[in-house]
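**Student:** Pasting a structure below so you can have a look.
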Amino acid sequence: GRLTHEVAKPLVRQVDRLVAEARPGHTTALYDRTFPESRFVVARLLHYYGMGEEDGVEDWCGWHNDNATITGLVPAMWFEEESGRPTEPQPGAGLFVEGRSGEQVPVPAARDCLGFQIGEAAQILSGGVVHATPHMVRGHIAKRGEPKLCRAAFACFIQPQWDADLQPPPGAAFETIFEGREESKLIPPLRSRLKEIPVKF
């Protein structure tokens with residue numbers, strides 16, 4: 001968890017630089033709200049239970065955005081559920097993100113890498129320069145007679161303090177939060193949930 005948190009710091013600083021180029025009033029709000037002004041980090045060990053054809057379920061976790069500024073992801077581990085033996089990631093299962101054109105893209109992660117995705121707090125604080133990453137976790141459906149496979153993952157949600165005020169950079173209008181890409185049709189749009197700014201995290 002600490003490694004993921006530390007690696008996220010220079011990434012968020014780079015996002016601040018990107019935002020400052022597009023929004024001249026922006027300084028270091030993403031970094032400041034997320035690191036020195038916040039102790040609100042949620043690390044979660046996630047276990048996705050094995051599924052078979054008879055279970056009638058396809059997705060481990062449906063489409064959503066994270067609330068955080070940035071989420072750090074450690075590559076998932078796969079196991080045979082009954083025996084506990086490690087196994088390989090399965091094609092067509094695991095983490096998927098929605099691309100800017102609406103395509104659903106699998107995200108295979110190398111074992112020696114960390115993954116990061118942007119959350120809605122960053123979208124608000126950047127005034128829409130960066131957008132939250134719509135994502136989901138698709139399950140592996142074991143055929144009858146095959147072992148069910150489960151997935152274990154570690155996610156570190158790095159975010160502003162729970163009572164922090166979130167708003168776009170100075171001079172950026174409310175509407176800029178939603179510009180830059182069409183909102184996903186797979187989840188309730190942020191525009192319908194964010195009614196005013198500033199908003200408490």
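Ordering of the structure tokens sets the chain letters (A, B, ...), residue numbers begin anew at 1 in every chain, and ligands are numbered from 1 in the order given.
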Mind checking which residues fall within 12 Å of A:Ala132, counting only C-alpha atoms, ignoring those fewer than 2 positions away in the same chain, and posting them as a count of residues only?
**Tutor:** 39
**Student:** With stretch 156-176 of chain A as the partner and 10 Å as the cut-off, tabulate the residues of stretch 26-57 of chain A that qualify, each row holding the nearest pair of atoms and their distance in Å to one decimal, using only C-alpha atoms, sorted by chain and rising number, as a tab-separated table.
**Tutor:**
residue	atom	partner	partner_atom	distance
A:His26	CA	A:Pro169	CA	5.0
A:Thr27	CA	A:Pro169	CA	8.1
A:Thr28	CA	A:Pro169	CA	9.7
A:Ala29	CA	A:Pro169	CA	8.0
A:Leu30	CA	A:Pro160	CA	8.6
A:Tyr31	CA	A:Pro160	CA	9.3
A:Asp32	CA	A:Pro160	CA	8.7
A:Arg33	CA	A:Pro160	CA	5.2
A:Thr34	CA	A:Pro160	CA	4.5
A:Phe35	CA	A:Pro160	CA	7.5
A:Pro36	CA	A:Pro160	CA	9.5
A:Glu37	CA	A:Gln161	CA	6.9
A:Ser38	CA	A:Gln161	CA	4.5
A:Arg39	CA	A:Gln161	CA	6.3
A:Phe40	CA	A:Gln161	CA	5.2
A:Val41	CA	A:Ile158	CA	4.9
A:Val42	CA	A:Phe157	CA	5.1
A:Ala43	CA	A:Cys156	CA	4.3
A:Arg44	CA	A:Cys156	CA	6.3
A:Leu45	CA	A:Cys156	CA	8.8
**Student:** Take the selection from the previous step and output its residues with N, CA and C atoms, as a PDB file, in the first residue's frame.
**Tutor:**
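Dumped to again_13.pdb:
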ATOM      1  N   HIS A  26      -4.831  27.207 -12.464  1.00  0.00           N
ATOM      2  CA  HIS A  26      -4.545  26.000 -11.670  1.00  0.00           C
ATOM      3  C   HIS A  26      -3.093  26.004 -11.203  1.00  0.00           C
ATOM      4  N   THR A  27      -2.886  25.536  -9.981  1.00  0.00           N
ATOM      5  CA  THR A  27      -1.511  25.381  -9.476  1.00  0.00           C
ATOM      6  C   THR A  27      -1.247  23.909  -9.150  1.00  0.00           C
ATOM      7  N   THR A  28      -1.432  23.535  -7.889  1.00  0.00           N
ATOM      8  CA  THR A  28      -1.141  22.154  -7.482  1.00  0.00           C
ATOM      9  C   THR A  28      -2.297  21.575  -6.669  1.00  0.00           C
ATOM     10  N   ALA A  29      -3.515  21.908  -7.044  1.00  0.00           N
ATOM     11  CA  ALA A  29      -4.681  21.516  -6.238  1.00  0.00           C
ATOM     12  C   ALA A  29      -4.866  20.006  -6.141  1.00  0.00           C
ATOM     13  N   LEU A  30      -4.621  19.278  -7.228  1.00  0.00           N
ATOM     14  CA  LEU A  30      -4.809  17.827  -7.157  1.00  0.00           C
ATOM     15  C   LEU A  30      -3.843  17.205  -6.150  1.00  0.00           C
ATOM     16  N   TYR A  31      -2.579  17.584  -6.254  1.00  0.00           N
ATOM     17  CA  TYR A  31      -1.579  17.043  -5.324  1.00  0.00           C
ATOM     18  C   TYR A  31      -1.883  17.490  -3.898  1.00  0.00           C
ATOM     19  N   ASP A  32      -2.149  18.768  -3.709  1.00  0.00           N
ATOM     20  CA  ASP A  32      -2.356  19.306  -2.362  1.00  0.00           C
ATOM     21  C   ASP A  32      -3.560  18.669  -1.679  1.00  0.00           C
ATOM     22  N   ARG A  33      -4.692  18.574  -2.391  1.00  0.00           N
ATOM     23  CA  ARG A  33      -5.897  17.998  -1.785  1.00  0.00           C
ATOM     24  C   ARG A  33      -5.728  16.506  -1.494  1.00  0.00           C
ATOM     25  N   THR A  34      -4.896  15.835  -2.292  1.00  0.00           N
ATOM     26  CA  THR A  34      -4.810  14.381  -2.211  1.00  0.00           C
ATOM     27  C   THR A  34      -3.730  13.895  -1.261  1.00  0.00           C
ATOM     28  N   PHE A  35      -2.663  14.660  -1.112  1.00  0.00           N
ATOM     29  CA  PHE A  35      -1.553  14.178  -0.279  1.00  0.00           C
ATOM     30  C   PHE A  35      -1.355  15.017   0.991  1.00  0.00           C
ATOM     31  N   PRO A  36      -0.771  16.225   0.967  1.00  0.00           N
ATOM     32  CA  PRO A  36      -0.518  16.908   2.238  1.00  0.00           C
ATOM     33  C   PRO A  36      -1.776  17.277   3.020  1.00  0.00           C
ATOM     34  N   GLU A  37      -2.900  17.511   2.326  1.00  0.00           N
ATOM     35  CA  GLU A  37      -4.117  17.929   3.034  1.00  0.00           C
ATOM     36  C   GLU A  37      -5.044  16.763   3.366  1.00  0.00           C
ATOM     37  N   SER A  38      -4.641  15.545   3.043  1.00  0.00           N
ATOM     38  CA  SER A  38      -5.534  14.402   3.242  1.00  0.00           C
ATOM     39  C   SER A  38      -4.817  13.225   3.897  1.00  0.00           C
ATOM     40  N   ARG A  39      -5.535  12.544   4.758  1.00  0.00           N
ATOM     41  CA  ARG A  39      -5.072  11.272   5.324  1.00  0.00           C
ATOM     42  C   ARG A  39      -6.095  10.184   5.010  1.00  0.00           C
ATOM     43  N   PHE A  40      -6.892  10.453   3.988  1.00  0.00           N
ATOM     44  CA  PHE A  40      -8.011   9.581   3.664  1.00  0.00           C
ATOM     45  C   PHE A  40      -7.619   8.661   2.506  1.00  0.00           C
ATOM     46  N   VAL A  41      -6.928   7.589   2.844  1.00  0.00           N
ATOM     47  CA  VAL A  41      -6.520   6.586   1.862  1.00  0.00           C
ATOM     48  C   VAL A  41      -7.220   5.280   2.231  1.00  0.00           C
ATOM     49  N   VAL A  42      -7.895   4.697   1.285  1.00  0.00           N
ATOM     50  CA  VAL A  42      -8.607   3.446   1.534  1.00  0.00           C
ATOM     51  C   VAL A  42      -7.950   2.349   0.710  1.00  0.00           C
ATOM     52  N   ALA A  43      -7.375   1.375   1.389  1.00  0.00           N
ATOM     53  CA  ALA A  43      -6.776   0.227   0.708  1.00  0.00           C
ATOM     54  C   ALA A  43      -7.716  -0.958   0.889  1.00  0.00           C
ATOM     55  N   ARG A  44      -7.958  -1.655  -0.186  1.00  0.00           N
ATOM     56  CA  ARG A  44      -8.951  -2.728  -0.128  1.00  0.00           C
ATOM     57  C   ARG A  44      -8.409  -3.978  -0.827  1.00  0.00           C
ATOM     58  N   LEU A  45      -8.434  -5.091  -0.102  1.00  0.00           N
ATOM     59  CA  LEU A  45      -8.105  -6.384  -0.690  1.00  0.00           C
ATOM     60  C   LEU A  45      -9.411  -6.990  -1.181  1.00  0.00           C
TER      61      LEU A  45
END
**Student:** Could you tell me how far atom CA of A:Pro108 lies from atom CA of A:Cys61, in Å and to one decimal?
**Tutor:**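 Here the two named atoms are 16.4 Å from each other.
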**Student:** Near A:Pro91, counting only C-alpha atoms, which residues have an atom at most 12 Å away, once you skip same-chain residues fewer than 6 positions from it, shown as a ChimeraX atom specification?
**Tutor:** /A:106-108,138-141
**Student:** Mind writing the picked residues with N, CA, C and O atoms as an mmCIF file, in the first residue's frame?
**Tutor:**
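The resulting file, result-v2.cif, is shown below:
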data_model
loop_
_atom_site.group_PDB
_atom_site.id
_atom_site.type_symbol
_atom_site.label_atom_id
_atom_site.label_comp_id
_atom_site.auth_asym_id
_atom_site.auth_seq_id
_atom_site.Cartn_x
_atom_site.Cartn_y
_atom_site.Cartn_z
ATOM 1 N N PRO A 106 -9.816 -4.569 -22.510
ATOM 2 C CA PRO A 106 -9.243 -5.323 -21.396
ATOM 3 C C PRO A 106 -7.911 -4.708 -20.972
ATOM 4 O O PRO A 106 -7.179 -4.154 -21.787
ATOM 5 N N VAL A 107 -7.614 -4.786 -19.668
ATOM 6 C CA VAL A 107 -6.378 -4.213 -19.142
ATOM 7 C C VAL A 107 -5.569 -5.319 -18.467
ATOM 8 O O VAL A 107 -5.648 -5.504 -17.250
ATOM 9 N N PRO A 108 -4.800 -6.063 -19.261
ATOM 10 C CA PRO A 108 -3.929 -7.062 -18.630
ATOM 11 C C PRO A 108 -2.753 -6.348 -17.968
ATOM 12 O O PRO A 108 -2.205 -5.394 -18.517
ATOM 13 N N ARG A 138 -14.861 -8.201 -15.175
ATOM 14 C CA ARG A 138 -15.643 -9.276 -15.799
ATOM 15 C C ARG A 138 -15.186 -10.620 -15.237
ATOM 16 O O ARG A 138 -14.003 -10.893 -15.123
ATOM 17 N N GLY A 139 -16.150 -11.439 -14.890
ATOM 18 C CA GLY A 139 -15.841 -12.738 -14.304
ATOM 19 C C GLY A 139 -15.462 -13.787 -15.328
ATOM 20 O O GLY A 139 -15.777 -13.675 -16.517
ATOM 21 N N HIS A 140 -14.768 -14.822 -14.846
ATOM 22 C CA HIS A 140 -14.506 -16.011 -15.667
ATOM 23 C C HIS A 140 -15.596 -17.021 -15.352
ATOM 24 O O HIS A 140 -15.817 -17.370 -14.192
ATOM 25 N N ILE A 141 -16.276 -17.479 -16.385
ATOM 26 C CA ILE A 141 -17.363 -18.448 -16.212
ATOM 27 C C ILE A 141 -16.824 -19.840 -16.519
ATOM 28 O O ILE A 141 -16.504 -20.155 -17.670
#
**Student:** Between atom CA of A:Asp55 and atom CA of A:Ala76, what is the distance in Å, rounded to a tenth?
**Tutor:**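 Separating atom CA of A:Asp55 from atom CA of A:Ala76 is a distance of 22.6 Å.
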**Student:** Find, counting only C-alpha atoms, the residue in A:Gln90, A:Asp59, A:Gln104, A:Gly1 that gets nearest to A:Thr133.
**Tutor:**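 Among A:Gln90, A:Asp59, A:Gln104, A:Gly1, it is A:Gln104 that comes nearest to A:Thr133.
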**Student:** From a DSSP calculation on the backbone, collect every residue of chain A in strand (DSSP E) and output the set as number ranges by chain.
**Tutor:** A: 41-48, 51-52, 59-64, 70-80, 86-87, 94-98, 104-106, 115-118, 135-138, 141-142, 149-158, 165-166, 199-200
**Student:** Between A:Pro86, A:Gly72, A:Gly145, A:Gly92, which residue has the minimum interatomic distance to A:Ala8, considering only C-alpha atoms?
**Tutor:**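 Checking each candidate against A:Ala8, we get A:Gly72 as the closest.
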**Student:** Could you tell me how far atom CA of A:Ala155 sits from atom CA of A:Met51, in Å to one decimal place?
**Tutor:** 21.6 Å
**Student:** Using DSSP on the backbone coordinates, identify all residues within stretch 55-155 of chain A classified as helix (DSSP H, G or I); present the result as number ranges by chain.
**Tutor:** A: 55, 120-125
**Student:** Suppose we keep N, CA, C and O atoms; can you now write the selection as a PDB file, in the first residue's frame?
**Tutor:**
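For reference, result-v2.pdb as written:
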ATOM      1  N   ASP A  55     -24.302 -20.646 -12.294  1.00  0.00           N
ATOM      2  CA  ASP A  55     -24.544 -19.530 -11.370  1.00  0.00           C
ATOM      3  C   ASP A  55     -25.340 -18.392 -11.999  1.00  0.00           C
ATOM      4  O   ASP A  55     -25.940 -17.583 -11.282  1.00  0.00           O
ATOM      5  N   GLU A 120     -13.222  10.506 -10.037  1.00  0.00           N
ATOM      6  CA  GLU A 120     -14.063  11.685 -10.231  1.00  0.00           C
ATOM      7  C   GLU A 120     -13.560  12.924  -9.491  1.00  0.00           C
ATOM      8  O   GLU A 120     -13.785  14.047  -9.937  1.00  0.00           O
ATOM      9  N   ALA A 121     -12.864  12.742  -8.363  1.00  0.00           N
ATOM     10  CA  ALA A 121     -12.304  13.910  -7.671  1.00  0.00           C
ATOM     11  C   ALA A 121     -11.319  14.638  -8.576  1.00  0.00           C
ATOM     12  O   ALA A 121     -11.303  15.878  -8.622  1.00  0.00           O
ATOM     13  N   ALA A 122     -10.501  13.893  -9.314  1.00  0.00           N
ATOM     14  CA  ALA A 122      -9.545  14.512 -10.243  1.00  0.00           C
ATOM     15  C   ALA A 122     -10.266  15.202 -11.387  1.00  0.00           C
ATOM     16  O   ALA A 122      -9.835  16.266 -11.857  1.00  0.00           O
ATOM     17  N   GLN A 123     -11.359  14.633 -11.850  1.00  0.00           N
ATOM     18  CA  GLN A 123     -12.118  15.263 -12.932  1.00  0.00           C
ATOM     19  C   GLN A 123     -12.659  16.617 -12.486  1.00  0.00           C
ATOM     20  O   GLN A 123     -12.589  17.610 -13.223  1.00  0.00           O
ATOM     21  N   ILE A 124     -13.166  16.689 -11.259  1.00  0.00           N
ATOM     22  CA  ILE A 124     -13.700  17.957 -10.742  1.00  0.00           C
ATOM     23  C   ILE A 124     -12.573  18.960 -10.515  1.00  0.00           C
ATOM     24  O   ILE A 124     -12.628  20.103 -10.966  1.00  0.00           O
ATOM     25  N   LEU A 125     -11.518  18.532  -9.813  1.00  0.00           N
ATOM     26  CA  LEU A 125     -10.415  19.439  -9.478  1.00  0.00           C
ATOM     27  C   LEU A 125      -9.673  19.947 -10.713  1.00  0.00           C
ATOM     28  O   LEU A 125      -9.081  21.024 -10.688  1.00  0.00           O
TER      29      LEU A 125
END
